[in-house]
Each structure stands twice: as C-alpha cells, then as structure tokens.
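Shown below: query.txt, with compact mmCIF, C-alpha atoms.
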```
# COMPACT_ATOMS: atom_id res chain seq x y z
CA MET A 143 -87.47 79.49 -87.49
CA ASP A 144 -85.61 78.07 -90.49
CA ILE A 145 -85.04 74.31 -90.05
CA THR A 146 -82.75 73.96 -93.05
CA ALA A 147 -80.06 75.90 -91.23
CA TYR A 148 -79.50 72.83 -88.89
CA THR A 149 -79.30 70.14 -91.63
CA ILE A 150 -76.11 67.99 -91.34
CA ASP A 151 -74.42 66.77 -94.48
CA LEU A 152 -73.01 63.26 -93.75
CA THR A 153 -71.03 63.14 -96.96
CA LEU A 154 -68.75 65.87 -95.78
CA LYS A 155 -65.29 64.76 -94.55
CA PRO A 156 -63.70 66.50 -91.63
CA THR A 157 -60.62 68.43 -92.52
CA THR A 158 -59.35 68.81 -88.95
CA PHE A 159 -59.29 66.49 -85.85
CA ASP A 160 -59.89 67.90 -82.44
CA VAL A 161 -59.77 66.24 -79.03
CA TRP A 162 -63.34 65.02 -79.32
CA HIS A 163 -62.71 63.10 -82.52
CA VAL A 164 -59.55 61.51 -81.13
CA CYS A 165 -61.41 60.26 -78.03
CA LEU A 166 -64.22 58.89 -80.15
CA ALA A 167 -61.81 56.95 -82.44
CA GLY A 168 -59.94 55.51 -79.44
CA THR A 169 -63.16 54.34 -77.84
CA VAL A 170 -64.23 52.57 -81.04
CA ALA A 171 -60.86 50.83 -81.31
CA ILE A 172 -60.98 49.65 -77.66
CA LEU A 173 -64.53 48.30 -78.07
CA ALA A 174 -63.57 46.43 -81.24
CA ALA A 175 -60.52 44.85 -79.56
CA THR A 176 -62.62 43.86 -76.54
CA LEU A 177 -65.22 42.21 -78.78
CA ILE A 178 -62.57 40.24 -80.67
CA ILE A 179 -61.00 39.01 -77.39
CA LEU A 180 -64.40 37.88 -76.08
CA LEU A 181 -65.14 35.96 -79.27
CA LEU A 182 -61.75 34.19 -79.19
CA SER A 183 -62.19 33.21 -75.53
CA MET A 184 -65.65 31.75 -76.26
CA VAL A 185 -64.35 29.72 -79.20
CA MET A 186 -61.44 28.29 -77.16
CA SER A 187 -63.71 27.42 -74.23
CA PHE A 188 -66.12 25.58 -76.53
CA ALA A 189 -63.26 23.68 -78.15
CA ARG A 190 -61.97 22.51 -74.75
CA ARG A 191 -65.36 21.34 -73.49
CA LYS A 192 -66.11 19.16 -76.56
CA PRO A 193 -63.15 16.66 -76.21
CA ALA A 194 -63.71 16.49 -72.49
CA ALA A 195 -67.39 15.64 -73.01
CA ALA A 196 -66.49 12.95 -75.58
CA ALA A 197 -63.90 11.32 -73.33
CA GLU A 198 -66.14 11.20 -70.26
CA PRO A 199 -68.20 8.04 -71.22
CA THR A 200 -65.00 6.14 -72.07
CA ILE A 201 -63.55 6.91 -68.68
CA LYS A 202 -66.73 5.68 -67.00
CA ILE A 203 -66.72 2.44 -69.00
CA VAL A 204 -63.12 1.77 -68.09
CA GLU A 205 -63.89 2.41 -64.46
CA LYS A 206 -66.81 -0.05 -64.57
CA ILE A 207 -64.71 -2.74 -66.22
CA VAL A 208 -61.91 -2.36 -63.72
CA GLN A 209 -64.34 -2.45 -60.84
CA SER A 210 -66.09 -5.58 -62.20
CA GLU A 211 -62.91 -7.71 -62.23
CA PRO A 212 -62.50 -9.92 -59.17
CA ILE A 213 -59.58 -9.32 -56.90
CA VAL A 214 -57.35 -12.39 -56.60
CA LYS A 215 -55.03 -12.67 -53.66
CA ILE A 216 -51.97 -14.86 -54.05
CA VAL A 217 -50.91 -16.41 -50.81
CA GLU A 218 -47.51 -18.03 -50.64
CA LYS A 219 -47.17 -20.86 -48.18
CA MET A 220 -43.90 -22.41 -47.13
CA VAL A 221 -44.00 -26.15 -46.45
CA GLU A 222 -41.34 -27.71 -44.33
CA VAL A 223 -40.04 -31.05 -45.68
CA PRO A 224 -38.45 -33.45 -43.19
CA VAL A 225 -34.76 -34.17 -43.66
CA GLU A 226 -35.45 -37.91 -43.80
CA ARG A 227 -37.75 -37.41 -46.79
CA ILE A 228 -35.11 -35.36 -48.62
CA VAL A 229 -32.48 -38.06 -48.02
CA GLU A 230 -34.88 -40.74 -49.27
CA VAL A 231 -35.56 -38.80 -52.48
CA GLU A 232 -31.83 -38.28 -53.02
CA LYS A 233 -31.21 -42.03 -52.68
CA ILE A 234 -33.94 -42.81 -55.21
CA VAL A 235 -32.46 -40.32 -57.67
CA GLU A 236 -29.00 -41.78 -57.11
CA ARG A 237 -30.26 -45.32 -57.80
CA ILE A 238 -31.92 -44.13 -61.01
CA VAL A 239 -28.75 -42.39 -62.15
CA GLN A 240 -26.54 -45.35 -61.27
CA ALA A 241 -28.91 -47.96 -62.73
CA PRO A 242 -27.02 -50.36 -64.97
CA ALA A 243 -27.54 -50.02 -68.68
CA PRO A 244 -29.69 -52.70 -70.29
CA PRO A 245 -27.71 -55.59 -71.71
CA PRO A 246 -26.86 -55.23 -75.38
CA VAL A 247 -28.96 -57.11 -77.87
CA ILE A 248 -26.97 -60.03 -79.20
CA LEU A 249 -27.93 -61.01 -82.72
CA LYS A 250 -27.70 -64.70 -83.39
CA GLU A 251 -26.31 -65.41 -86.81
CA ALA A 252 -28.59 -67.74 -88.72
CA SER A 253 -27.04 -70.72 -90.45
CA ALA A 254 -27.89 -70.97 -94.13
CA ASP A 255 -27.19 -74.69 -94.33
CA ALA A 256 -30.51 -75.72 -92.75
CA ALA A 257 -32.54 -73.41 -95.02
CA LEU A 258 -30.69 -74.63 -98.12
CA GLN A 259 -31.24 -78.22 -97.06
CA LEU A 260 -34.98 -77.62 -96.70
CA LEU A 261 -35.11 -76.12 -100.20
CA TYR A 262 -33.26 -79.18 -101.47
CA LEU A 263 -35.87 -81.50 -99.92
CA LEU A 264 -38.80 -79.47 -101.31
CA GLN A 265 -37.26 -79.51 -104.77
CA SER A 266 -36.37 -83.18 -104.62
CA ASP A 267 -39.79 -84.46 -103.48
CA ALA A 268 -42.17 -81.75 -104.77
CA ARG A 269 -40.40 -79.87 -107.58
CA PHE A 270 -41.05 -76.74 -105.55
CA ILE A 271 -38.38 -74.54 -107.18
CA ASP A 272 -39.44 -75.61 -110.67
CA PHE A 273 -43.03 -74.67 -109.93
CA ILE A 274 -42.19 -71.26 -108.42
CA LYS A 275 -39.81 -70.27 -111.20
CA GLU A 276 -42.13 -71.43 -114.01
CA ASP A 277 -43.92 -68.76 -116.09
CA MET A 278 -47.56 -69.42 -115.23
CA SER A 279 -48.88 -67.02 -117.87
CA ALA A 280 -48.06 -69.57 -120.56
CA HIS A 281 -50.36 -72.23 -119.00
CA SER A 282 -54.10 -72.42 -118.53
CA ASP A 283 -55.81 -72.39 -115.14
CA GLU A 284 -56.64 -76.10 -115.48
CA ASP A 285 -53.00 -77.03 -116.07
CA VAL A 286 -51.82 -74.86 -113.18
CA GLY A 287 -54.43 -76.44 -110.89
CA MET A 288 -53.37 -79.97 -111.79
CA VAL A 289 -49.69 -79.20 -111.19
CA ALA A 290 -50.44 -77.31 -107.96
CA ARG A 291 -52.16 -80.40 -106.55
CA VAL A 292 -49.03 -82.49 -107.16
CA ILE A 293 -46.77 -79.78 -105.67
CA HIS A 294 -49.07 -79.50 -102.64
CA GLU A 295 -48.88 -83.23 -101.92
CA GLY A 296 -45.09 -83.29 -102.27
CA CYS A 297 -44.56 -80.25 -100.00
CA ASN A 298 -46.90 -81.64 -97.36
CA LYS A 299 -44.95 -84.94 -97.44
CA VAL A 300 -41.63 -83.15 -96.86
CA LEU A 301 -43.00 -81.08 -93.96
CA ASP A 302 -44.56 -84.08 -92.24
CA GLU A 303 -41.36 -86.13 -92.55
CA HIS A 304 -38.95 -83.54 -91.20
CA PHE A 305 -41.03 -81.27 -88.93
CA THR A 306 -43.65 -81.64 -86.18
CA PHE A 307 -46.23 -78.84 -86.19
CA ALA A 308 -48.63 -77.75 -83.45
CA THR A 309 -51.16 -74.93 -83.30
CA ILE A 310 -50.53 -72.13 -80.79
CA CYS A 311 -54.19 -71.58 -79.90
CA LYS A 312 -56.18 -74.66 -79.01
CA GLU A 313 -59.48 -72.88 -79.72
CA ASN A 314 -60.96 -72.72 -83.19
CA GLU A 315 -60.81 -69.69 -85.46
CA GLY A 316 -63.71 -67.35 -84.70
CA ASP A 317 -63.82 -68.25 -80.99
CA SER A 318 -63.37 -65.61 -78.27
CA ILE A 319 -60.16 -65.58 -76.23
CA THR A 320 -58.84 -63.53 -73.29
CA LEU A 321 -55.14 -62.64 -73.14
CA LEU A 322 -53.93 -62.16 -69.58
CA ASP A 323 -51.11 -59.93 -68.45
CA GLY A 324 -47.73 -61.44 -69.35
CA TYR A 325 -48.86 -63.28 -72.48
CA ASP A 326 -46.13 -64.26 -74.96
CA ALA A 327 -46.08 -61.53 -77.60
CA ALA A 328 -43.89 -63.72 -79.82
CA LYS A 329 -46.66 -66.32 -80.06
CA VAL A 330 -49.71 -64.04 -80.12
CA ARG A 331 -49.90 -60.93 -82.28
CA VAL A 332 -52.62 -58.51 -81.18
CA THR A 333 -54.23 -56.34 -83.86
CA GLY A 334 -57.14 -53.91 -84.02
CA ASN A 335 -58.06 -51.31 -81.38
CA ILE A 336 -55.37 -51.78 -78.72
CA VAL A 337 -56.18 -49.57 -75.71
CA GLY A 338 -54.79 -49.84 -72.19
CA LYS A 339 -53.14 -52.89 -70.66
CA PRO A 340 -54.06 -56.61 -70.52
CA PRO A 341 -56.26 -58.50 -70.06
CA PHE A 342 -57.45 -58.23 -73.69
CA THR A 343 -60.51 -60.02 -75.04
CA GLY A 344 -60.72 -60.63 -78.77
CA THR A 345 -61.51 -63.09 -81.53
CA ILE A 346 -59.09 -65.66 -82.94
CA ILE A 347 -58.37 -64.87 -86.59
CA HIS A 348 -55.58 -67.44 -87.05
CA LYS A 349 -54.60 -70.21 -84.65
CA GLY A 350 -50.88 -69.86 -85.44
CA TRP A 351 -48.27 -72.55 -85.98
CA GLN A 352 -45.19 -73.57 -84.04
CA ILE A 353 -42.62 -76.34 -84.64
CA THR A 354 -41.99 -78.71 -81.76
CA ASP A 355 -39.47 -81.02 -83.47
CA VAL A 356 -37.04 -80.82 -86.41
CA ARG A 357 -35.67 -83.93 -88.18
CA LEU A 358 -33.41 -82.78 -91.00
CA PRO A 359 -31.07 -85.40 -92.44
CA SER A 360 -27.37 -85.28 -91.62
CA THR A 361 -24.91 -84.20 -94.29
CA ILE A 362 -21.49 -85.60 -95.09
CA GLN A 363 -18.31 -83.55 -94.90
CA GLY A 364 -17.70 -81.54 -98.04
CA TYR A 365 -21.38 -81.45 -98.98
CA ASN A 366 -22.20 -78.35 -101.06
CA SER A 367 -25.50 -77.08 -99.61
CA ASN A 368 -25.74 -74.33 -102.22
CA VAL A 369 -26.67 -76.92 -104.87
CA ILE A 370 -30.45 -77.17 -104.51
CA ALA A 371 -31.01 -79.31 -107.60
CA PRO A 372 -28.12 -80.63 -109.67
CA ALA A 373 -28.33 -80.35 -113.42
CA GLU A 374 -29.43 -83.56 -115.15
CA VAL A 375 -27.72 -84.80 -118.30
CA GLU A 376 -29.03 -87.82 -120.15
CA LEU A 377 -26.59 -89.86 -122.21
```

Write the structure described by the file as structure tokens, please.
Amino acid sequence: MDITAYTIDLTLKPTTFDVWHVCLAGTVAILAATLIILLLSMVMSFARRKPAAAAEPTIKIVEKIVQSEPIVKIVEKMVEVPVERIVEVEKIVERIVQAPAPPPVILKEASADAALQLLYLLQSDARFIDFIKEDMSAHSDEDVGMVARVIHEGCNKVLDEHFTFATICKENEGDSITLLDGYDAAKVRVTGNIVGKPPFTGTIIHKGWQITDVRLPSTIQGYNSNVIAPAEVEL
C-alpha cells in the first residue's frame, strides 16, 4: 500500500467552503468569545475584592473605637423654687438697681497764700530759694557742704517755729508691725507683696510724718504773697 497517497499538504488553501468548514469556524468564534468573557469577569471580580479587603480593617477599628467610648446619659431635673424665694430675690435685685449713686467727689481748692508764705519764711531765714536756684556745678563739694549746713539750720528753725511735727508710727524703723483691718491708708502706705486682706504684717521702712499744729504769721490787707524775696538795692 502506498502511504504517500494519503499525505496532507497544510500549505494548501481551500478554494471552497462547505457546511463542515462553516460549523468549524463558528465553533472557534464562540469559544474565543466565551474565553474573553470569562477573563473579563475574573478581572472585575478581583478588582472588587481588593478595595473591600483593604477597607475591612478600617471598619473594624472604627467599630472598636465607637464601642470603647462610654455612654453618658444626661438627666434633666426640674427644681421647684418657692414663690417666697423668688419674691425675695426680686426685692434684692430691685434694691441693687435703685441703690443711690455714690456722692460726687468734691475737690477742695488749695489756697496758694499759705504755700507762698512758707516759701517766704524759708527764703528769709534760710536763703532756701537762693540755694536751690544756685548753679552747684561752679562750686566745690566742700563749699556746697558748708553752705548746705547753714541752709539746713535755717530751714529747721523755720519748721520748728511754725509747725509741730509728730511721727505716724511710734515704733522704730526696722521693727515689725501688724496692720489690722480698717487701717488708715492715708497714713500708712503698704508696699511689696500685697496678697489678700488685712491683717498685714510687715517691716517699718519709714515712720512717716504728720503735722499736728500750724502757726503761720498773719498778713495785713493788701499783702502781695507772690513776692517771695524782694529785690535789694543798696544806696
């Protein structure tokens, strides 16, 4: 038997299509379409599972955090207030609203005559104005010291003749003192670390001075108090 008679040449192209070839081509096309659809469905399923898997731990963490927070219950309670108490509060508010305004501060006008008279006495007996207005830079320390001693004696003489002085604190400087509630703030000035309310305990830094008597000389009518020291002319 000759085997070469059954050899098939694959390079040959069919020149006609029968029913068998048409069925074979249709089957290949259907299989190819089915394979493509299966691949697309697998890709889409994988894409959907990945975000869901990534979001799952976050959802669990949020659930844990929400569950760990304590639950706070707010209970509203209505309290009944007696009518007498309400009326009492209204009266207090009315008294506060109708409280009289504090009295106005009346400023007392100071008379310049007494101050000018004191300057006249200091200049007359101690040359006080001459010393203050003198240019000290033109004099030596020894000269200033000698003149200051004379001015000091004259000023002390004027003060002793026309005023009576007394110390506010009877204790010595450096002693401890306790200021009770209601102390006179005009006589005692508190400095340092001031906390709370009296009593205060501190140390006396300065005993303070107050005048208990004033003895200024009387002036005649028409006296010009603005003249502290009249000009002197020698003939």

| request: To one decimal in Å, tell me the separation between CA of Gly338 (chain A) and CA of Leu321 (chain A). | output: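 If I compute the distance from CA of Gly338 (chain A) to CA of Leu321 (chain A), I get 12.8 Å.
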
| message | Would you pick out the contacts of Leu261 (chain A) at 9 Å or less, using only C-alpha atoms, so that residues sharing its chain but fewer than 5 positions from it are not included, and give the list as a list in words? | response |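 Counting only the stated atoms, we get Ala256, Ser266, Phe270, Ile271 and Ile370 of chain A.
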
| message | Is it possible to get the residues within 10 Å of (-30.8, -76.3, -101.4) (coordinates as in the file, counting all atoms listed in the file) written as an MDAnalysis selection string? | response | chainID A and resid 254:266 271 366:372

| said: Using Å and a single decimal, report how far CA of Ala290 (chain A) sits from CA of Phe273 (chain A). | reply: 8.1 Å

| message | So, with all atoms listed in the file as the atoms that count, which of A:Thr361, A:Ile228, A:Ala175, A:Pro340 lies closest to Ala327 (chain A)? | response |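 Closest candidate: A:Pro340.
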
| task | Could you check which of A:Val375, A:Ile172, A:Val164, A:Gly350 is closest to Cys311 (chain A), using only C-alpha atoms? | result |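 Nearest to Cys311 (chain A): A:Gly350.
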
| Skipping near chain neighbours, those fewer than 5 positions away, what residues fall within 9 Å of Gly344 (chain A) using all atoms listed in the file, listed as number ranges by chain? | A: 317-321, 332

| task | Go through A:Ile336, A:Ala308, A:Asp326, A:Ile274 and flag the residue nearest Trp351 (chain A), using all atoms listed in the file for the distances. | result | A:Ala308

| request: Enter the distance from CA of Gly296 (chain A) to CA of Ile310 (chain A), in Å, rounded to one decimal. | output: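 That distance, rounded to one decimal, is 24.8 Å.
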
| field | Counting all atoms listed in the file, the residue of A:Thr354, A:Thr169, A:Ser253, A:Ser360 that sits nearest Phe307 (chain A) | value | A:Thr354

| Given the choices A:Asp323, A:Ala328, A:Leu301, A:Ser282, which gets closest to Phe342 (chain A) if the distance is worked out from only C-alpha atoms? |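 Closest residue, counting only C-alpha atoms: A:Asp323.
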
| said: Using only C-alpha atoms for the distances, tell me which of A:Ala268, A:Lys312, A:Met186, A:Ile234 is nearest to Cys297 (chain A). | reply: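 With only C-alpha atoms as the atom set, the closest residue is A:Ala268.
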
| request: Just the residues within 9 Å of Thr306 (chain A), please, counting all atoms listed in the file, with nothing from its chain fewer than 6 positions along; format it as a VMD selection string. | output: chain A and resid 352 to 357
